[in-house]
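Participant: This is query_9.cif, which holds mmCIF, C-alpha atoms:
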data_upload
loop_
_atom_site.group_PDB
_atom_site.id
_atom_site.type_symbol
_atom_site.label_atom_id
_atom_site.label_comp_id
_atom_site.auth_asym_id
_atom_site.auth_seq_id
_atom_site.Cartn_x
_atom_site.Cartn_y
_atom_site.Cartn_z
ATOM 1 C CA MET A 27 -66.517 -124.421 70.134
ATOM 2 C CA LYS A 28 -68.535 -127.460 69.065
ATOM 3 C CA THR A 29 -69.826 -127.796 72.635
ATOM 4 C CA PHE A 30 -71.148 -124.252 72.513
ATOM 5 C CA LEU A 31 -72.697 -124.814 69.096
ATOM 6 C CA LEU A 32 -74.587 -127.873 70.311
ATOM 7 C CA VAL A 33 -76.079 -126.023 73.262
ATOM 8 C CA PHE A 34 -76.848 -123.059 71.003
ATOM 9 C CA ALA A 35 -78.638 -125.382 68.589
ATOM 10 C CA LEU A 36 -80.645 -126.905 71.407
ATOM 11 C CA PHE A 37 -81.528 -123.490 72.791
ATOM 12 C CA HIS A 38 -82.496 -122.358 69.287
ATOM 13 C CA MET A 39 -84.832 -125.325 68.925
ATOM 14 C CA PHE A 40 -86.454 -124.805 72.294
ATOM 15 C CA HIS A 41 -86.853 -121.111 71.611
ATOM 16 C CA ILE A 42 -88.539 -121.425 68.217
ATOM 17 C CA CYS A 43 -90.893 -124.044 69.649
ATOM 18 C CA ILE A 44 -92.175 -121.813 72.436
ATOM 19 C CA THR A 45 -91.976 -118.225 71.261
ATOM 20 C CA GLU A 46 -95.732 -117.853 71.601
ATOM 21 C CA GLY A 47 -95.618 -118.517 75.340
ATOM 22 C CA GLN A 48 -94.885 -115.936 78.013
ATOM 23 C CA LEU A 49 -91.546 -117.342 79.065
ATOM 24 C CA LYS A 50 -88.871 -115.680 81.121
ATOM 25 C CA ILE A 51 -85.843 -116.490 83.238
ATOM 26 C CA GLY A 52 -86.880 -116.856 86.867
ATOM 27 C CA PHE A 53 -90.540 -117.484 86.088
ATOM 28 C CA TYR A 54 -90.979 -119.286 89.416
ATOM 29 C CA SER A 55 -89.000 -116.835 91.558
ATOM 30 C CA GLN A 56 -92.117 -115.789 93.461
ATOM 31 C CA THR A 57 -94.399 -118.814 93.210
ATOM 32 C CA CYS A 58 -91.784 -121.533 93.823
ATOM 33 C CA PRO A 59 -88.385 -119.936 94.522
ATOM 34 C CA ASN A 60 -86.606 -123.252 95.123
ATOM 35 C CA ALA A 61 -87.833 -124.855 91.910
ATOM 36 C CA GLU A 62 -84.560 -124.774 89.995
ATOM 37 C CA SER A 63 -82.427 -125.834 92.960
ATOM 38 C CA ILE A 64 -84.734 -128.795 93.620
ATOM 39 C CA VAL A 65 -84.443 -130.001 90.025
ATOM 40 C CA LYS A 66 -80.683 -129.547 90.100
ATOM 41 C CA SER A 67 -80.337 -131.561 93.308
ATOM 42 C CA VAL A 68 -82.301 -134.449 91.797
ATOM 43 C CA VAL A 69 -80.113 -134.449 88.684
ATOM 44 C CA GLN A 70 -76.943 -134.290 90.794
ATOM 45 C CA GLU A 71 -77.980 -137.222 92.976
ATOM 46 C CA ALA A 72 -79.011 -139.298 89.966
ATOM 47 C CA THR A 73 -75.749 -138.553 88.161
ATOM 48 C CA ILE A 74 -73.691 -139.719 91.130
ATOM 49 C CA GLU A 75 -75.607 -142.995 91.176
ATOM 50 C CA ASP A 76 -75.543 -143.515 87.403
ATOM 51 C CA PRO A 77 -73.366 -141.486 84.961
ATOM 52 C CA ILE A 78 -75.695 -142.387 82.070
ATOM 53 C CA ILE A 79 -78.416 -140.100 83.469
ATOM 54 C CA PRO A 80 -77.178 -136.741 82.048
ATOM 55 C CA PRO A 81 -77.213 -137.826 78.369
ATOM 56 C CA LEU A 82 -80.593 -139.488 78.916
ATOM 57 C CA LEU A 83 -82.057 -136.254 80.270
ATOM 58 C CA LEU A 84 -80.623 -134.220 77.415
ATOM 59 C CA ARG A 85 -81.989 -136.672 74.854
ATOM 60 C CA LEU A 86 -85.380 -136.678 76.586
ATOM 61 C CA HIS A 87 -85.604 -132.917 76.178
ATOM 62 C CA PHE A 88 -84.567 -133.155 72.533
ATOM 63 C CA HIS A 89 -87.250 -135.727 71.754
ATOM 64 C CA ASP A 90 -89.903 -133.771 73.637
ATOM 65 C CA CYS A 91 -89.110 -130.547 71.802
ATOM 66 C CA PHE A 92 -88.608 -132.014 68.331
ATOM 67 C CA VAL A 93 -92.049 -133.624 68.319
ATOM 68 C CA GLU A 94 -94.471 -131.283 70.060
ATOM 69 C CA GLY A 95 -92.577 -128.149 71.040
ATOM 70 C CA CYS A 96 -91.236 -128.701 74.557
ATOM 71 C CA ASP A 97 -94.625 -129.339 76.156
ATOM 72 C CA GLY A 98 -93.772 -132.400 78.253
ATOM 73 C CA SER A 99 -96.224 -134.590 76.344
ATOM 74 C CA ILE A 100 -93.567 -137.277 75.925
ATOM 75 C CA LEU A 101 -94.045 -138.018 79.636
ATOM 76 C CA ILE A 102 -97.679 -139.075 79.257
ATOM 77 C CA GLU A 103 -98.064 -142.826 79.697
ATOM 78 C CA LYS A 104 -99.487 -144.844 76.809
ATOM 79 C CA GLY A 105 -98.735 -141.956 74.489
ATOM 80 C CA GLU A 106 -95.917 -140.938 72.178
ATOM 81 C CA SER A 107 -93.287 -142.363 74.547
ATOM 82 C CA ASN A 108 -94.270 -145.810 73.207
ATOM 83 C CA ALA A 109 -93.410 -144.903 69.628
ATOM 84 C CA ASP A 110 -90.571 -146.734 67.896
ATOM 85 C CA GLU A 111 -88.978 -143.346 67.209
ATOM 86 C CA HIS A 112 -88.455 -142.912 70.967
ATOM 87 C CA GLN A 113 -86.750 -146.251 71.612
ATOM 88 C CA GLY A 114 -84.073 -145.948 74.263
ATOM 89 C CA VAL A 115 -85.306 -142.590 75.577
ATOM 90 C CA GLY A 116 -84.946 -142.461 79.361
ATOM 91 C CA GLY A 117 -84.749 -140.154 82.337
ATOM 92 C CA PHE A 118 -88.446 -140.476 83.196
ATOM 93 C CA ASP A 119 -87.816 -141.607 86.776
ATOM 94 C CA GLU A 120 -85.662 -138.564 87.463
ATOM 95 C CA ILE A 121 -88.312 -136.197 86.087
ATOM 96 C CA ASN A 122 -90.977 -137.911 88.191
ATOM 97 C CA LYS A 123 -88.813 -137.653 91.301
ATOM 98 C CA ALA A 124 -88.260 -133.934 90.734
ATOM 99 C CA LYS A 125 -91.990 -133.468 90.142
ATOM 100 C CA GLU A 126 -92.839 -135.208 93.426
ATOM 101 C CA LYS A 127 -90.466 -132.963 95.374
ATOM 102 C CA LEU A 128 -91.802 -129.848 93.693
ATOM 103 C CA GLU A 129 -95.397 -130.850 94.362
ATOM 104 C CA ALA A 130 -94.534 -131.260 98.043
ATOM 105 C CA GLU A 131 -93.104 -127.734 98.169
ATOM 106 C CA CYS A 132 -95.395 -125.829 95.807
ATOM 107 C CA PRO A 133 -98.330 -127.920 94.561
ATOM 108 C CA GLY A 134 -99.598 -127.356 91.043
ATOM 109 C CA VAL A 135 -97.071 -124.655 90.155
ATOM 110 C CA VAL A 136 -94.140 -126.066 88.167
ATOM 111 C CA SER A 137 -94.944 -127.738 84.851
ATOM 112 C CA CYS A 138 -93.406 -131.048 83.826
ATOM 113 C CA ALA A 139 -92.290 -129.400 80.585
ATOM 114 C CA ASP A 140 -90.181 -126.925 82.555
ATOM 115 C CA ILE A 141 -88.749 -129.696 84.714
ATOM 116 C CA VAL A 142 -87.556 -131.518 81.582
ATOM 117 C CA ALA A 143 -85.958 -128.310 80.272
ATOM 118 C CA MET A 144 -84.241 -127.484 83.562
ATOM 119 C CA ALA A 145 -83.031 -131.061 84.037
ATOM 120 C CA ALA A 146 -81.426 -131.055 80.584
ATOM 121 C CA ARG A 147 -79.695 -127.761 81.356
ATOM 122 C CA ASP A 148 -78.343 -129.146 84.645
ATOM 123 C CA ALA A 149 -77.262 -132.374 82.929
ATOM 124 C CA VAL A 150 -75.131 -130.405 80.463
ATOM 125 C CA ALA A 151 -73.506 -128.320 83.193
ATOM 126 C CA LEU A 152 -72.776 -131.329 85.421
ATOM 127 C CA THR A 153 -70.863 -133.073 82.620
ATOM 128 C CA GLY A 154 -68.563 -130.160 81.879
ATOM 129 C CA GLY A 155 -70.693 -128.381 79.312
ATOM 130 C CA PRO A 156 -71.556 -124.699 79.350
ATOM 131 C CA VAL A 157 -73.872 -123.197 81.937
ATOM 132 C CA TYR A 158 -76.845 -121.472 80.356
ATOM 133 C CA ASP A 159 -80.109 -119.961 81.558
ATOM 134 C CA VAL A 160 -83.448 -121.586 80.813
ATOM 135 C CA GLU A 161 -86.553 -119.544 80.287
ATOM 136 C CA THR A 162 -89.489 -121.122 82.107
ATOM 137 C CA GLY A 163 -93.244 -120.776 82.105
ATOM 138 C CA ARG A 164 -94.200 -123.620 79.751
ATOM 139 C CA ARG A 165 -97.579 -125.275 80.071
ATOM 140 C CA ASP A 166 -97.889 -129.050 79.846
ATOM 141 C CA GLY A 167 -99.391 -130.589 76.740
ATOM 142 C CA ARG A 168 -102.439 -132.796 77.200
ATOM 143 C CA ILE A 169 -102.306 -134.719 73.923
ATOM 144 C CA SER A 170 -99.809 -137.521 73.366
ATOM 145 C CA SER A 171 -100.027 -140.093 70.575
ATOM 146 C CA GLU A 172 -97.523 -142.453 69.010
ATOM 147 C CA SER A 173 -98.280 -140.912 65.627
ATOM 148 C CA LEU A 174 -96.861 -137.592 66.826
ATOM 149 C CA ALA A 175 -93.361 -139.074 66.787
ATOM 150 C CA LYS A 176 -93.312 -139.586 63.011
ATOM 151 C CA ASP A 177 -91.253 -136.428 62.500
ATOM 152 C CA MET A 178 -88.350 -137.735 64.572
ATOM 153 C CA PRO A 179 -85.172 -138.617 62.642
ATOM 154 C CA ASP A 180 -85.386 -142.282 61.648
ATOM 155 C CA VAL A 181 -82.625 -144.887 61.457
ATOM 156 C CA ASN A 182 -83.346 -145.467 57.763
ATOM 157 C CA ASP A 183 -83.659 -141.829 56.720
ATOM 158 C CA SER A 184 -81.516 -140.671 53.838
ATOM 159 C CA ILE A 185 -79.394 -137.566 54.249
ATOM 160 C CA GLU A 186 -81.911 -135.575 52.215
ATOM 161 C CA THR A 187 -84.756 -136.732 54.464
ATOM 162 C CA LEU A 188 -82.787 -135.832 57.564
ATOM 163 C CA LYS A 189 -82.021 -132.416 56.138
ATOM 164 C CA SER A 190 -85.696 -131.909 55.365
ATOM 165 C CA LYS A 191 -86.858 -132.933 58.837
ATOM 166 C CA PHE A 192 -84.420 -130.618 60.553
ATOM 167 C CA ARG A 193 -85.036 -127.792 58.109
ATOM 168 C CA ASN A 194 -88.754 -128.002 58.891
ATOM 169 C CA LYS A 195 -87.863 -127.344 62.534
ATOM 170 C CA GLY A 196 -85.744 -124.335 61.639
ATOM 171 C CA PHE A 197 -82.306 -125.954 61.771
ATOM 172 C CA SER A 198 -79.262 -125.484 59.591
ATOM 173 C CA GLU A 199 -77.177 -128.374 58.240
ATOM 174 C CA LYS A 200 -74.520 -127.686 60.881
ATOM 175 C CA GLU A 201 -77.135 -128.050 63.612
ATOM 176 C CA LEU A 202 -78.315 -131.271 61.992
ATOM 177 C CA VAL A 203 -74.813 -132.717 62.327
ATOM 178 C CA LEU A 204 -74.563 -131.655 65.965
ATOM 179 C CA LEU A 205 -77.963 -132.990 66.995
ATOM 180 C CA SER A 206 -78.437 -136.087 64.842
ATOM 181 C CA GLY A 207 -77.665 -139.691 65.735
ATOM 182 C CA GLU A 208 -79.632 -142.902 65.503
ATOM 183 C CA GLU A 209 -78.448 -146.438 64.775
ATOM 184 C CA ILE A 210 -75.331 -148.558 65.121
ATOM 185 C CA VAL A 211 -73.356 -148.706 61.917
ATOM 186 C CA SER A 212 -71.469 -151.513 60.178
ATOM 187 C CA ASP A 213 -69.526 -149.709 57.511
ATOM 188 C CA PRO A 214 -66.503 -150.845 55.445
ATOM 189 C CA LYS A 215 -64.693 -147.660 56.473
ATOM 190 C CA MET A 216 -65.166 -148.397 60.167
ATOM 191 C CA ASN A 217 -62.042 -149.098 62.159
ATOM 192 C CA PRO A 218 -61.752 -152.945 62.299
ATOM 193 C CA LYS A 219 -61.192 -152.896 66.056
ATOM 194 C CA MET A 220 -64.349 -150.886 66.570
ATOM 195 C CA LEU A 221 -66.400 -153.165 64.303
ATOM 196 C CA SER A 222 -65.210 -156.246 66.178
ATOM 197 C CA GLU A 223 -66.137 -154.731 69.547
ATOM 198 C CA ILE A 224 -69.621 -153.808 68.313
ATOM 199 C CA LYS A 225 -70.311 -157.278 66.890
ATOM 200 C CA ASN A 226 -69.226 -158.922 70.141
ATOM 201 C CA PHE A 227 -71.252 -156.545 72.292
ATOM 202 C CA CYS A 228 -74.521 -156.250 70.405
ATOM 203 C CA PRO A 229 -76.976 -159.169 70.641
ATOM 204 C CA GLN A 230 -78.993 -160.340 67.675
ATOM 205 C CA ASN A 231 -82.287 -159.657 69.478
ATOM 206 C CA ARG A 232 -81.563 -155.896 69.757
ATOM 207 C CA ASN A 233 -81.708 -155.863 73.546
ATOM 208 C CA LEU A 234 -82.062 -152.192 74.439
ATOM 209 C CA ASP A 235 -80.565 -152.841 77.866
ATOM 210 C CA ASN A 236 -77.166 -153.218 76.189
ATOM 211 C CA ARG A 237 -75.621 -149.811 75.690
ATOM 212 C CA LEU A 238 -72.465 -149.100 73.740
ATOM 213 C CA PRO A 239 -70.810 -145.744 74.498
ATOM 214 C CA LEU A 240 -70.683 -143.344 71.571
ATOM 215 C CA ASP A 241 -67.419 -142.108 73.019
ATOM 216 C CA SER A 242 -65.185 -144.474 74.962
ATOM 217 C CA VAL A 243 -62.524 -141.761 75.449
ATOM 218 C CA THR A 244 -64.380 -139.094 77.430
ATOM 219 C CA GLY A 245 -67.830 -140.646 77.578
ATOM 220 C CA ASP A 246 -68.785 -138.954 80.842
ATOM 221 C CA LYS A 247 -67.975 -135.448 79.597
ATOM 222 C CA PHE A 248 -69.898 -133.001 77.439
ATOM 223 C CA ASP A 249 -67.390 -132.337 74.653
ATOM 224 C CA ASP A 250 -66.699 -132.870 70.952
ATOM 225 C CA GLN A 251 -64.653 -136.090 71.276
ATOM 226 C CA SER A 252 -67.344 -138.176 69.556
ATOM 227 C CA LEU A 253 -67.006 -136.027 66.440
ATOM 228 C CA ARG A 254 -63.240 -136.550 66.490
ATOM 229 C CA ASN A 255 -63.821 -140.285 66.822
ATOM 230 C CA ILE A 256 -65.998 -140.296 63.706
ATOM 231 C CA LYS A 257 -63.197 -138.777 61.647
ATOM 232 C CA SER A 258 -60.915 -141.614 62.803
ATOM 233 C CA GLY A 259 -63.330 -144.362 61.724
ATOM 234 C CA PHE A 260 -64.939 -144.874 65.122
ATOM 235 C CA ALA A 261 -68.495 -143.858 64.182
ATOM 236 C CA VAL A 262 -70.934 -145.932 66.229
ATOM 237 C CA LEU A 263 -74.022 -144.469 64.561
ATOM 238 C CA ALA A 264 -74.950 -145.014 60.949
ATOM 239 C CA SER A 265 -76.299 -141.501 60.579
ATOM 240 C CA ASP A 266 -73.000 -140.095 61.870
ATOM 241 C CA ALA A 267 -71.086 -142.077 59.274
ATOM 242 C CA ARG A 268 -73.439 -140.894 56.510
ATOM 243 C CA LEU A 269 -73.235 -137.278 57.621
ATOM 244 C CA TYR A 270 -69.443 -137.430 57.706
#
Would you kindly transcribe this structure into structure tokens?
Facilitator:
Amino acid sequence: MKTFLLVFALFHMFHICITEGQLKIGFYSQTCPNAESIVKSVVQEATIEDPIIPPLLLRLHFHDCFVEGCDGSILIEKGESNADEHQGVGGFDEINKAKEKLEAECPGVVSCADIVAMAARDAVALTGGPVYDVETGRRDGRISSESLAKDMPDVNDSIETLKSKFRNKGFSEKELVLLSGEEIVSDPKMNPKMLSEIKNFCPQNRNLDNRLPLDSVTGDKFDDQSLRNIKSGFAVLASDARLY
């Protein structure tokens, strides 16, 4: 149930961001009929090589949509992707690879914004999440600035600030819980074993190349295990602990 709610929340966000566009399922059926299968094949290959790719692609789509409305502007170099609010966001190489293959088959047809949306959908399905359709037809944004990322949830935001930021995007408090997550937590209520593992793993210089799984039980699956972990004192993220 929680898995469905998360995808529903994501779909809700993407929908309210793009209702003014002429989007539809199968937008490229005539102009680039293999578009979706090409994106899916890239995501599949990347996932086999590195299991971290699916969550990166899903997070990339979330960040793109939360800031500027699913327009692909997060992909523009020297733009908003450099903002502190987007630290740790990845999946760019996979999007670029899919774009290159699509350009070879149908030049100038498929937008980067749609590739990001389709890749996120495929990432969810490949990790055991629900299969859902993605409306396509987005146009790529041309403006990208670090200042645009200011609306992203911040590691130091209070619960009220988080609620306000998500409410401004049309989200309920339940959707906030399902979509939120920022920093590593050191909380007195944390399971001592978990706290010890985090302190041993995380360097003092905040090396972003070190990644601690939010869910060490079923980390390669799209499920609600991380929420169950939080209830047992295994909350890796400070915002998760606060929300709980």
Participant: Contacts of Lys247 in chain A at 8 Å or less, counting all atoms listed in the file, minus same-chain residues fewer than 4 places along, as number ranges by chain?
Facilitator: A: 153-155
Participant: Taking all atoms listed in the file into account, which of A:Glu172, A:Glu75, A:Glu161, A:Glu131 comes nearest Ser107 in chain A?
Facilitator: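 Going through A:Glu172, A:Glu75, A:Glu161, A:Glu131 one by one, the smallest distance to Ser107 in chain A is for A:Glu172.
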Participant: What separation in Å, quoted to one decimal, exists between CA of Pro179 in chain A and CA of Gln113 in chain A?
Facilitator: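 Value for the CA of Pro179 in chain A-CA of Gln113 in chain A distance: 11.9 Å.
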Participant: Smallest atom-to-atom distance to Thr162 in chain A: which of A:Ile185, A:Val135, A:Ile100, A:Leu174, using only C-alpha atoms?
Facilitator: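 Ranked by minimum distance to Thr162 in chain A, first place goes to A:Val135.
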Participant: To box range 244-258 of chain A, take all atoms listed in the file, fit an axis-aligned box, add 3 Å on each side, and give centre and edge lengths in Å to one decimal, as JSON.
Facilitator:
{"center_x": -65.4, "center_y": -137.0, "center_z": 71.2, "size_x": 15.0, "size_y": 15.3, "size_z": 25.2}
Participant: Expand the PyMOL selection byres ((chain A and resi 104) around 12) into the explicit residue set it covers here, and present it as JSON, numbers by chain.
Facilitator: {"A": [99, 100, 101, 102, 103, 105, 106, 107, 108, 109, 169, 170, 171, 172, 173]}
Participant: Using all atoms listed in the file, which of the listed residues (A:Asp249, A:Arg168, A:Arg254, A:Glu223) sits closest to Glu94 in chain A?
Facilitator: A:Arg168
Participant: Which one of A:Gly196, A:Gly259, A:Gly98, A:Pro80 sits closest to Gly117 in chain A if you count all atoms listed in the file?
Facilitator: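 Checking each candidate against Gly117 in chain A, we get A:Pro80 as the closest.
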Participant: I'd like to know which of A:Glu126, A:Asp241, A:Glu201, A:Glu120 is closest to Met144 in chain A, using all atoms listed in the file.
Facilitator: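 Looking at the shortest contact to Met144 in chain A, the residue is A:Glu120.
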Participant: So, with only C-alpha atoms as the atoms that count, which of A:Leu269, A:Ala175, A:Ala149, A:Ile74 lies closest to His89 in chain A?
Facilitator: A:Ala175
Participant: I'd like the neighbourhood of Gly163 in chain A as a count of residues only, where a residue qualifies if any of its atoms comes within 10 Å (using all atoms listed in the file), though same-chain residues fewer than 5 positions away should be ignored.
Facilitator: 14
Participant: Excluding Leu253 in chain A and residues on its chain fewer than 6 positions from it, collect all residues at most 9 Å away from it, counting only C-alpha atoms, and give them as a short mmCIF file (atom, residue, chain, number, x, y, z; two decimals) with C-alpha atoms, keeping the file's coordinate frame.
Facilitator:
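Okay, this is what ended up in out-v8.cif:
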data_model
loop_
_atom_site.label_atom_id
_atom_site.label_comp_id
_atom_site.auth_asym_id
_atom_site.auth_seq_id
_atom_site.Cartn_x
_atom_site.Cartn_y
_atom_site.Cartn_z
CA LEU A 204 -74.56 -131.66 65.96
CA ASP A 241 -67.42 -142.11 73.02
CA ALA A 261 -68.50 -143.86 64.18
CA ASP A 266 -73.00 -140.10 61.87
#
Participant: What is the distance, in Å and to one decimal place, between CA of Gly167 in chain A and CA of Val150 in chain A?
Facilitator: 24.5 Å
Participant: Once the PyMOL selection byres ((chain A and resi 65) around 12) has been applied to the shown file, what residues remain in the selection, as a ChimeraX atom specification?
Facilitator: /A:58-64,66-72,83,120-129,136-138,140-149
Participant: If I take CA of Glu111 in chain A and CA of Asn255 in chain A, how far is one from the other in Å, to one decimal?
Facilitator: 25.3 Å
Participant: Write out as a Markdown table the residues of range 97-184 of chain A that have any atom within 10 Å of an atom of range 190-194 of chain A, one row each with the nearest atom pair and its distance in Å to one decimal, counting only C-alpha atoms, sorted by chain and then rising number.
Facilitator:
| residue | atom | partner | partner_atom | distance |
| --- | --- | --- | --- | --- |
| A:Asp177 | CA | A:Lys191 | CA | 6.7 |
| A:Met178 | CA | A:Lys191 | CA | 7.6 |
| A:Pro179 | CA | A:Lys191 | CA | 7.0 |
| A:Asp180 | CA | A:Lys191 | CA | 9.9 |
| A:Asp183 | CA | A:Lys191 | CA | 9.7 |
| A:Ser184 | CA | A:Ser190 | CA | 9.8 |
